[in-house]
Structures are given as structure tokens and as C-alpha cells.
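Note sheet for the following structure.
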Amino acid sequence: MSETRDILEARAAQDGLEFFMTMFVDMHGRPCAKLVPVSAMDVVCEGAGFAGFAVGPMGQSPASPDMIAAPDPNSYFKLPWRDGVAVVMCDINVEGKLWPYTPRVILSRVLDRLRQERDMELMVGVEAEYHLVRRTPEGGIGIADELDTQDMPCYDAKGLTRMYDYLTTISRYMNQLGYENYANDHEDGNGQFEQNFKYADALTTADRLIFFRYMVHIVARDFGMAATFMPKPFTHLTGNGLHMNTSLWSVDAKKNLFEKGAKGRDQYGLGLTPLGYNFCAGVLEHARAMAAITNPTVNSYKRMGVAAPNSGATWAPAYVAYGGNNRTQMMRVSEGNRLEVRSVDGAANPYLAFSAVLAAGLDGVDRKLDPGKPNVDNLHDMHPHEIAAKGITAMPPTLLHAAEELLGNTVMQQALGHTGTEYYSDYLAKVKSEEFRQWHARVSDWEVERYLTLF
């Protein structure tokens, strides 16, 4: 009997399970699953079958053989809101081999190389922002809390209290799952919230984020609302980021390799080690190429570099820059033990985003890149010509620009791997280019209003 079967059968008996949800995600980070009875343990352990072409961009055609979802027993957890059901995250196999189009497989391979070749572990904590909304009779969306109308609602105690039952339900579920929820707050936009959980190794955090987003959707529905992690659901309100707090640790010593010791050298006074500055420089170097991965929708680019929302500030980075405790930067070093990558947004697939950021950072480490002096200016207040004069570049303006930057980037090619047909990063760039073209081909209401009788 396999170790996987031993573990899952023991957990099923211990927890009185009736069903397993065997879960994986596609390129877009959309969770896909089958509900398999415990009585069909052979299907759970040998892998439930999926028609890959029906899932989405998974590198398959209608003629392709089944994708088999092989469970990772270490990812097992019970559904907090329903007895008798547990989730296992899965890695996709096709004809007995790991399928290279699987985002979780891609991250696992990157992390394995990091441990084997460098004796390092990537640790990540995420700040997932989202909006709570309701459908309007006209078919659009509005803020779920009709009283949430302040111009500057960030940290508003009344808005937080009105959502107390919902927010505390999510908090309790996170803690039951072992996520260690440590803060819940009303964010900068009306109807916008953030619920934080403790950092962990990159694969654990990615798994947790996928389930957190799924859980938020389910619980919001039970409270008569809908949740969205869409980067920019409202033109006039702050968008949804996914700030990625990143650090490298030694596997053996469990030591944070970004955190400068009392006698360590600190080139720019932010509390980082030389390794941390090199990693930072690598992320800056490849920020534009990574954007199609960290900001993967046409909507993502409406979050970056837009006019200030009602609160008087936009928190989305428009420029490739880093600094200290300065939220106008793409990367912020608020404490000298991690890098906060602020460009990642709510649509990002965490398996792919973590892989890309790690690859970019390690390229900076290997080439000993220097990020230069940290920027201390408020980039939101500066004219673009002033910013360009400082040698600071802008993030790509659209998904198409980002996809073109990604296509052929050798660091991303090597990190995300070759599928046997093409580099996965190039495949992703082509998928995203086509996504942009489909969006661009549609005539919007704005165009009709502006141009219909203009000429």
C-alpha cells in the first residue's frame, strides 16, 4: 500500500470523512475539483481524471489523454464549514508523468531546485485584498454594504463592524485551518477588505491562498453577497492587490538570509543583507517581463498608474522602483527582513507568480546586481519626465505590452520550464496576448458614448 494511501485512509477514518475534493488550478488560478466518495479511495489515491482541454489553457486538445490529479497528502485539510469533506491539492500527471503545464508542478520544481542547489527555502506572506459586492437589478455590481460610502473609508471601524459576522466567520475558518489569522481590516476602497494570515514556505502559502479565495467566495455567497479579487472592479475605487512579502531562508539553519545581523554590511541602510539587495535588483530587472504573470488580466492594467481614487491616493505601483517604508514603490522594505513586492494583484496565480519572482530574484543574486540607491520620493506626485530622468521605468501599460515583454525572456523560460513543445512562459505569453485581443475587439460603452456622433 502506498504512503499516500496510508496517510489519506488514516485521516479519513480519524475525521469521519465521506468525501474528498481533489483540487488543482489552471493557468488563471481557477480552482477545479472533483468530489470523490471515500468509498472510492482507489480513485482518490490513483488520481481522478479530467479532460484537460475542457479545463482551460493546460496545453491539451480534445484529442489529448486524461489529466490525472494525483493528491499531495501533505496538503490535506477538512472543510471548516461542512463535516465529512476534506480537500487535497493535486499535481497533474498525464500518462504517468508530471504534466509541465500544471502551475503547482512548476512551483514545486522551482522550489526543489532552490533546496537542492542552494540549500535555501522561499518564504512568502501575502496580503489578499478583495471587495464585497452585490448584483444590481441592471446587471452590474454595487458595494454590498449600502452604508459604506465614505470618501476615505480605510480602517473605518463602523464599516468593519457592519461586516463583523462575515469577517469573524472567515477568521475562525482560517484559524481552524492553521493559517494563523492576525488581522482583518477595511481597506482603502468602499467595500474592500483584507484578512491576513501568517507567512509560510512558498508552496504552503500558494495552496492556502487558492483555498482562501475559494473560501471567501463561498462564505460571501452564504451571507447574500459576492466577493471579487478582480484587480479593478470599480473605476473610481482602489483596486485589489496581492502584496507578496518575500524572503530567502537557509534550509538547515532556519535563518532569514535577507535579515542583516548586528555586524553585517548594509549598503543602503534598509536592513537587508547583500543577498537581499541582489535579489531586489533581480526583481526590478525582470519586473516588466513578469507583469504578464503577476498582473495577468486586461483589467490588471487599470489598477496601475490610474488617477487617484476617492481616498486621495493610489496604492498600485506604476513604476519599477524600490525604497524603504514608502508605499509608492513597486518594492517596499518596511522592515529589513523581507521584500514586499507590491505590483502583484488579486488576479495572480500564486504558483506562477511566486515562481517568477523567485527566478527574477535569483538572477539578481547570481549576477550580483545592484538595485542602486532606494527611492525616497513620492512617485505619485512626480511628473513622468522627472521620474524618467531618475532612470526609473514604468510598468507595462497593457496586458499586450506585458506579454510581449515576457515572450522570449530567458530567465522566465528557464524557471517555468519547457513543456516538450515550447517554454511554458512563452505559452503563457501567447495565451495572454490572445486574451488581450479578444478584449480589444469588443466595442465598449465608453467608445459608443465618445465617438458615435463626434465626427
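Chains: A, B, ... in order of the C-alpha cells. Residues: from 1 per chain. Ligands: from 1, in order shown.
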
Please report, as CSV, each residue of stretch 331-434 of chain A lying at most 9 Å from stretch 56-68 of chain A, together with the nearest pair of atoms and the separation in Å rounded to one decimal; use only C-alpha atoms, and order rows by chain and ascending residue number.
```
residue,atom,partner,partner_atom,distance
A:Thr419,CA,A:Gly59,CA,8.5
A:Tyr427,CA,A:Gly59,CA,8.5
A:Leu428,CA,A:Pro57,CA,8.4
A:Val431,CA,A:Pro57,CA,7.5
```

Keeping only C-alpha atoms, write the selected residues to a file as an mmCIF file, in the first residue's frame.
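Contents of part_4.cif, freshly written:
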```cif
data_model
loop_
_atom_site.group_PDB
_atom_site.id
_atom_site.type_symbol
_atom_site.label_atom_id
_atom_site.label_comp_id
_atom_site.auth_asym_id
_atom_site.auth_seq_id
_atom_site.Cartn_x
_atom_site.Cartn_y
_atom_site.Cartn_z
ATOM 1 C CA THR A 419 6.738 21.588 -21.855
ATOM 2 C CA TYR A 427 2.888 29.607 -23.976
ATOM 3 C CA LEU A 428 1.502 31.865 -21.244
ATOM 4 C CA VAL A 431 -2.459 32.918 -24.211
#
```

Next item on the list: Run DSSP on the backbone of this structure and report the residues of stretch 301-442 of chain A it assigns to alpha helix (DSSP H), as an NGL selection string.
Entry: :A and (350-366 or 384-389 or 399-406 or 410-416 or 424-440)

Write the selection just made, keeping C-alpha atoms, as a PDB file, in the first residue's frame?
```pdb
ATOM      1  CA  PRO A 350       0.292  32.337  -6.833  1.00  0.00           C
ATOM      2  CA  TYR A 351       2.130  29.241  -8.078  1.00  0.00           C
ATOM      3  CA  LEU A 352       3.261  31.094 -11.186  1.00  0.00           C
ATOM      4  CA  ALA A 353       3.796  34.487  -9.512  1.00  0.00           C
ATOM      5  CA  PHE A 354       5.981  33.004  -6.773  1.00  0.00           C
ATOM      6  CA  SER A 355       7.983  31.068  -9.373  1.00  0.00           C
ATOM      7  CA  ALA A 356       8.554  34.191 -11.453  1.00  0.00           C
ATOM      8  CA  VAL A 357       9.582  36.427  -8.534  1.00  0.00           C
ATOM      9  CA  LEU A 358      11.968  33.764  -7.237  1.00  0.00           C
ATOM     10  CA  ALA A 359      13.576  33.308 -10.650  1.00  0.00           C
ATOM     11  CA  ALA A 360      13.996  37.043 -11.134  1.00  0.00           C
ATOM     12  CA  GLY A 361      15.495  37.471  -7.671  1.00  0.00           C
ATOM     13  CA  LEU A 362      17.916  34.586  -8.086  1.00  0.00           C
ATOM     14  CA  ASP A 363      19.099  36.036 -11.388  1.00  0.00           C
ATOM     15  CA  GLY A 364      19.980  39.171  -9.440  1.00  0.00           C
ATOM     16  CA  VAL A 365      21.811  37.054  -6.858  1.00  0.00           C
ATOM     17  CA  ASP A 366      23.779  35.119  -9.474  1.00  0.00           C
ATOM     18  CA  PRO A 384       6.673  61.292 -15.602  1.00  0.00           C
ATOM     19  CA  HIS A 385       9.547  63.291 -17.109  1.00  0.00           C
ATOM     20  CA  GLU A 386      11.088  63.730 -13.649  1.00  0.00           C
ATOM     21  CA  ILE A 387      10.736  60.018 -12.980  1.00  0.00           C
ATOM     22  CA  ALA A 388      12.329  59.115 -16.323  1.00  0.00           C
ATOM     23  CA  ALA A 389      15.209  61.470 -15.566  1.00  0.00           C
ATOM     24  CA  LEU A 399      -1.518  43.157 -20.917  1.00  0.00           C
ATOM     25  CA  LEU A 400      -0.338  43.029 -24.526  1.00  0.00           C
ATOM     26  CA  HIS A 401       2.771  45.052 -23.705  1.00  0.00           C
ATOM     27  CA  ALA A 402       3.438  42.781 -20.737  1.00  0.00           C
ATOM     28  CA  ALA A 403       3.001  39.613 -22.783  1.00  0.00           C
ATOM     29  CA  GLU A 404       5.419  40.933 -25.405  1.00  0.00           C
ATOM     30  CA  GLU A 405       7.974  41.626 -22.651  1.00  0.00           C
ATOM     31  CA  LEU A 406       7.559  38.092 -21.294  1.00  0.00           C
ATOM     32  CA  THR A 410      15.271  33.568 -20.912  1.00  0.00           C
ATOM     33  CA  VAL A 411      15.106  33.779 -17.107  1.00  0.00           C
ATOM     34  CA  MET A 412      11.343  33.164 -17.134  1.00  0.00           C
ATOM     35  CA  GLN A 413      11.768  30.440 -19.765  1.00  0.00           C
ATOM     36  CA  GLN A 414      14.235  28.511 -17.628  1.00  0.00           C
ATOM     37  CA  ALA A 415      12.278  28.999 -14.414  1.00  0.00           C
ATOM     38  CA  LEU A 416       8.843  27.960 -15.645  1.00  0.00           C
ATOM     39  CA  TYR A 424       5.707  27.483 -20.593  1.00  0.00           C
ATOM     40  CA  SER A 425       6.375  31.225 -20.203  1.00  0.00           C
ATOM     41  CA  ASP A 426       6.094  31.655 -23.977  1.00  0.00           C
ATOM     42  CA  TYR A 427       2.888  29.607 -23.976  1.00  0.00           C
ATOM     43  CA  LEU A 428       1.502  31.865 -21.244  1.00  0.00           C
ATOM     44  CA  ALA A 429       2.550  34.979 -23.163  1.00  0.00           C
ATOM     45  CA  LYS A 430       0.659  33.750 -26.243  1.00  0.00           C
ATOM     46  CA  VAL A 431      -2.459  32.918 -24.211  1.00  0.00           C
ATOM     47  CA  LYS A 432      -2.399  36.377 -22.625  1.00  0.00           C
ATOM     48  CA  SER A 433      -1.827  38.105 -25.974  1.00  0.00           C
ATOM     49  CA  GLU A 434      -4.922  36.390 -27.323  1.00  0.00           C
ATOM     50  CA  GLU A 435      -6.856  37.355 -24.181  1.00  0.00           C
ATOM     51  CA  PHE A 436      -5.941  40.981 -24.811  1.00  0.00           C
ATOM     52  CA  ARG A 437      -7.032  40.768 -28.464  1.00  0.00           C
ATOM     53  CA  GLN A 438     -10.396  39.267 -27.501  1.00  0.00           C
ATOM     54  CA  TRP A 439     -10.975  42.131 -25.060  1.00  0.00           C
ATOM     55  CA  HIS A 440      -9.733  44.761 -27.502  1.00  0.00           C
TER      56      HIS A 440
END
```

Next item on the list: Would you please give, as a PyMOL selection string, all residues of stretch 129-209 of chain A that DSSP assigns to strand (DSSP E or B) based on the backbone?
Entry: chain A and resi 129-135+141-143+181-186+192-197+200-201

May I have the residues from that selection written out with N, CA and C atoms, as a PDB file, in the first residue's frame?
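Writing done, so here's again.pdb:
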```pdb
ATOM      1  N   GLU A 129      -6.335  41.393  -0.981  1.00  0.00           N
ATOM      2  CA  GLU A 129      -7.427  42.361  -0.902  1.00  0.00           C
ATOM      3  C   GLU A 129      -8.585  41.919  -1.788  1.00  0.00           C
ATOM      4  N   TYR A 130      -9.810  42.233  -1.344  1.00  0.00           N
ATOM      5  CA  TYR A 130     -10.983  41.888  -2.157  1.00  0.00           C
ATOM      6  C   TYR A 130     -12.138  42.820  -1.817  1.00  0.00           C
ATOM      7  N   HIS A 131     -13.120  42.861  -2.706  1.00  0.00           N
ATOM      8  CA  HIS A 131     -14.331  43.652  -2.497  1.00  0.00           C
ATOM      9  C   HIS A 131     -15.519  42.726  -2.237  1.00  0.00           C
ATOM     10  N   LEU A 132     -16.405  43.177  -1.384  1.00  0.00           N
ATOM     11  CA  LEU A 132     -17.687  42.516  -1.172  1.00  0.00           C
ATOM     12  C   LEU A 132     -18.758  43.316  -1.906  1.00  0.00           C
ATOM     13  N   VAL A 133     -19.464  42.639  -2.820  1.00  0.00           N
ATOM     14  CA  VAL A 133     -20.396  43.336  -3.710  1.00  0.00           C
ATOM     15  C   VAL A 133     -21.736  42.600  -3.774  1.00  0.00           C
ATOM     16  N   ARG A 134     -22.694  43.279  -4.391  1.00  0.00           N
ATOM     17  CA  ARG A 134     -23.986  42.672  -4.716  1.00  0.00           C
ATOM     18  C   ARG A 134     -24.311  42.984  -6.168  1.00  0.00           C
ATOM     19  N   ARG A 135     -25.043  42.109  -6.792  1.00  0.00           N
ATOM     20  CA  ARG A 135     -25.526  42.360  -8.147  1.00  0.00           C
ATOM     21  C   ARG A 135     -26.653  43.381  -8.105  1.00  0.00           C
ATOM     22  N   ILE A 141     -22.695  45.713 -10.704  1.00  0.00           N
ATOM     23  CA  ILE A 141     -22.371  45.408  -9.321  1.00  0.00           C
ATOM     24  C   ILE A 141     -22.360  46.704  -8.508  1.00  0.00           C
ATOM     25  N   GLY A 142     -22.679  46.567  -7.230  1.00  0.00           N
ATOM     26  CA  GLY A 142     -22.589  47.668  -6.298  1.00  0.00           C
ATOM     27  C   GLY A 142     -21.968  47.178  -5.008  1.00  0.00           C
ATOM     28  N   ILE A 143     -21.557  48.102  -4.143  1.00  0.00           N
ATOM     29  CA  ILE A 143     -20.974  47.730  -2.860  1.00  0.00           C
ATOM     30  C   ILE A 143     -22.028  47.007  -2.024  1.00  0.00           C
ATOM     31  N   ASN A 181      -4.616  33.600  11.354  1.00  0.00           N
ATOM     32  CA  ASN A 181      -5.115  34.938  11.019  1.00  0.00           C
ATOM     33  C   ASN A 181      -4.693  35.932  12.093  1.00  0.00           C
ATOM     34  N   TYR A 182      -4.062  37.044  11.665  1.00  0.00           N
ATOM     35  CA  TYR A 182      -3.585  38.007  12.660  1.00  0.00           C
ATOM     36  C   TYR A 182      -4.161  39.412  12.483  1.00  0.00           C
ATOM     37  N   ALA A 183      -4.900  39.679  11.426  1.00  0.00           N
ATOM     38  CA  ALA A 183      -5.513  41.000  11.271  1.00  0.00           C
ATOM     39  C   ALA A 183      -6.618  40.928  10.229  1.00  0.00           C
ATOM     40  N   ASN A 184      -7.658  41.743  10.437  1.00  0.00           N
ATOM     41  CA  ASN A 184      -8.766  41.879   9.490  1.00  0.00           C
ATOM     42  C   ASN A 184      -9.123  43.353   9.449  1.00  0.00           C
ATOM     43  N   ASP A 185      -9.149  43.948   8.264  1.00  0.00           N
ATOM     44  CA  ASP A 185      -9.426  45.382   8.236  1.00  0.00           C
ATOM     45  C   ASP A 185     -10.200  45.790   6.983  1.00  0.00           C
ATOM     46  N   HIS A 186     -10.846  46.942   7.123  1.00  0.00           N
ATOM     47  CA  HIS A 186     -11.471  47.605   5.978  1.00  0.00           C
ATOM     48  C   HIS A 186     -10.356  48.314   5.225  1.00  0.00           C
ATOM     49  N   GLN A 192     -14.089  47.238   0.443  1.00  0.00           N
ATOM     50  CA  GLN A 192     -12.845  46.490   0.268  1.00  0.00           C
ATOM     51  C   GLN A 192     -12.289  46.050   1.635  1.00  0.00           C
ATOM     52  N   PHE A 193     -11.839  44.785   1.687  1.00  0.00           N
ATOM     53  CA  PHE A 193     -11.335  44.228   2.935  1.00  0.00           C
ATOM     54  C   PHE A 193     -10.043  43.452   2.685  1.00  0.00           C
ATOM     55  N   GLU A 194      -9.321  43.256   3.790  1.00  0.00           N
ATOM     56  CA  GLU A 194      -8.102  42.445   3.758  1.00  0.00           C
ATOM     57  C   GLU A 194      -8.059  41.628   5.039  1.00  0.00           C
ATOM     58  N   GLN A 195      -7.764  40.334   4.900  1.00  0.00           N
ATOM     59  CA  GLN A 195      -7.659  39.437   6.049  1.00  0.00           C
ATOM     60  C   GLN A 195      -6.326  38.700   5.939  1.00  0.00           C
ATOM     61  N   ASN A 196      -5.469  38.926   6.906  1.00  0.00           N
ATOM     62  CA  ASN A 196      -4.085  38.466   6.804  1.00  0.00           C
ATOM     63  C   ASN A 196      -3.848  37.165   7.553  1.00  0.00           C
ATOM     64  N   PHE A 197      -2.967  36.334   7.013  1.00  0.00           N
ATOM     65  CA  PHE A 197      -2.544  35.125   7.710  1.00  0.00           C
ATOM     66  C   PHE A 197      -1.028  34.997   7.634  1.00  0.00           C
ATOM     67  N   ALA A 200       4.522  31.498   5.311  1.00  0.00           N
ATOM     68  CA  ALA A 200       4.966  30.104   5.367  1.00  0.00           C
ATOM     69  C   ALA A 200       5.850  29.858   4.157  1.00  0.00           C
ATOM     70  N   ASP A 201       6.277  28.607   3.973  1.00  0.00           N
ATOM     71  CA  ASP A 201       7.015  28.287   2.753  1.00  0.00           C
ATOM     72  C   ASP A 201       6.125  28.532   1.551  1.00  0.00           C
TER      73      ASP A 201
END
```

Next item on the list: For A:Leu248, please output as a PyMOL selection string all residues within 7 Å (counting only C-alpha atoms; exclusion window: fewer than 5 positions along the same chain).
Entry: chain A and resi 120-123+256-258

Please write the residues from the selection above to a file, keeping N, CA and C atoms, as a PDB file, in the first residue's frame.
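This went into out.pdb:
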```
ATOM      1  N   MET A 120      18.343  26.543   0.152  1.00  0.00           N
ATOM      2  CA  MET A 120      17.513  27.679   0.544  1.00  0.00           C
ATOM      3  C   MET A 120      16.034  27.325   0.422  1.00  0.00           C
ATOM      4  N   GLU A 121      15.222  28.063   1.163  1.00  0.00           N
ATOM      5  CA  GLU A 121      13.769  27.943   1.117  1.00  0.00           C
ATOM      6  C   GLU A 121      13.187  29.323   0.864  1.00  0.00           C
ATOM      7  N   LEU A 122      12.179  29.402  -0.015  1.00  0.00           N
ATOM      8  CA  LEU A 122      11.472  30.660  -0.252  1.00  0.00           C
ATOM      9  C   LEU A 122      10.297  30.749   0.707  1.00  0.00           C
ATOM     10  N   MET A 123      10.275  31.822   1.499  1.00  0.00           N
ATOM     11  CA  MET A 123       9.160  32.069   2.416  1.00  0.00           C
ATOM     12  C   MET A 123       8.339  33.235   1.874  1.00  0.00           C
ATOM     13  N   ASN A 256      16.842  33.612   8.283  1.00  0.00           N
ATOM     14  CA  ASN A 256      16.417  34.539   7.247  1.00  0.00           C
ATOM     15  C   ASN A 256      17.654  35.158   6.614  1.00  0.00           C
ATOM     16  N   LEU A 257      17.886  34.861   5.354  1.00  0.00           N
ATOM     17  CA  LEU A 257      19.102  35.306   4.673  1.00  0.00           C
ATOM     18  C   LEU A 257      19.008  36.737   4.162  1.00  0.00           C
ATOM     19  N   PHE A 258      17.858  37.371   4.299  1.00  0.00           N
ATOM     20  CA  PHE A 258      17.707  38.779   3.930  1.00  0.00           C
ATOM     21  C   PHE A 258      17.960  39.715   5.116  1.00  0.00           C
TER      22      PHE A 258
END
```

Notebook entry, point to check: What gap, in Å, lies between atom CA of A:Val448 and atom CA of A:Thr235?
Noted result: 17.7 Å

Check: Between A:Ala10, A:Arg332, A:Gly96, A:His28, which is the closest to A:Gly47 once you count only C-alpha atoms?
Finding: A:Gly96

Checklist line | Pick from A:Arg5, A:Arg82, A:Lys255, A:Lys158, whichever lies nearest to A:Asp119 using only C-alpha atoms | finding: A:Lys255

Margin query: Excluding A:Gly269 and its own-chain neighbours fewer than 4 positions away, which residues fall within 12 Å of it when counting only C-alpha atoms? Please give them as a VMD selection string.
Written below: chain A and resid 259 to 260 264 to 265 273 to 274 277 323 to 325 333 to 336 372 to 374

Next item on the list: Rounded to one decimal place, report the atom CA of A:Cys280-atom CA of A:Asn375 distance in Å.
Entry: 13.1 Å

Margin query: I'd like the interatomic distance between atom CA of A:Thr238 and atom CA of A:Asn190, to a tenth of an Å.
Written below: 8.3 Å

Notebook entry, point to check: Of the candidates A:Asn240, A:Ser300, A:Thr246, A:Thr169, which shows the shortest atom-to-atom distance to A:Ala220, using only C-alpha atoms?
Noted result: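 Once distances to A:Ala220 are computed over only C-alpha atoms, the minimum belongs to A:Thr169.
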
Checklist line | Nearest to A:Asp151 by atom-to-atom distance, counting only C-alpha atoms, from A:Leu237, A:Val43, A:Met230, A:Ile7 | finding: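 Of A:Leu237, A:Val43, A:Met230, A:Ile7, the one nearest A:Asp151, counting only C-alpha atoms, is A:Leu237.
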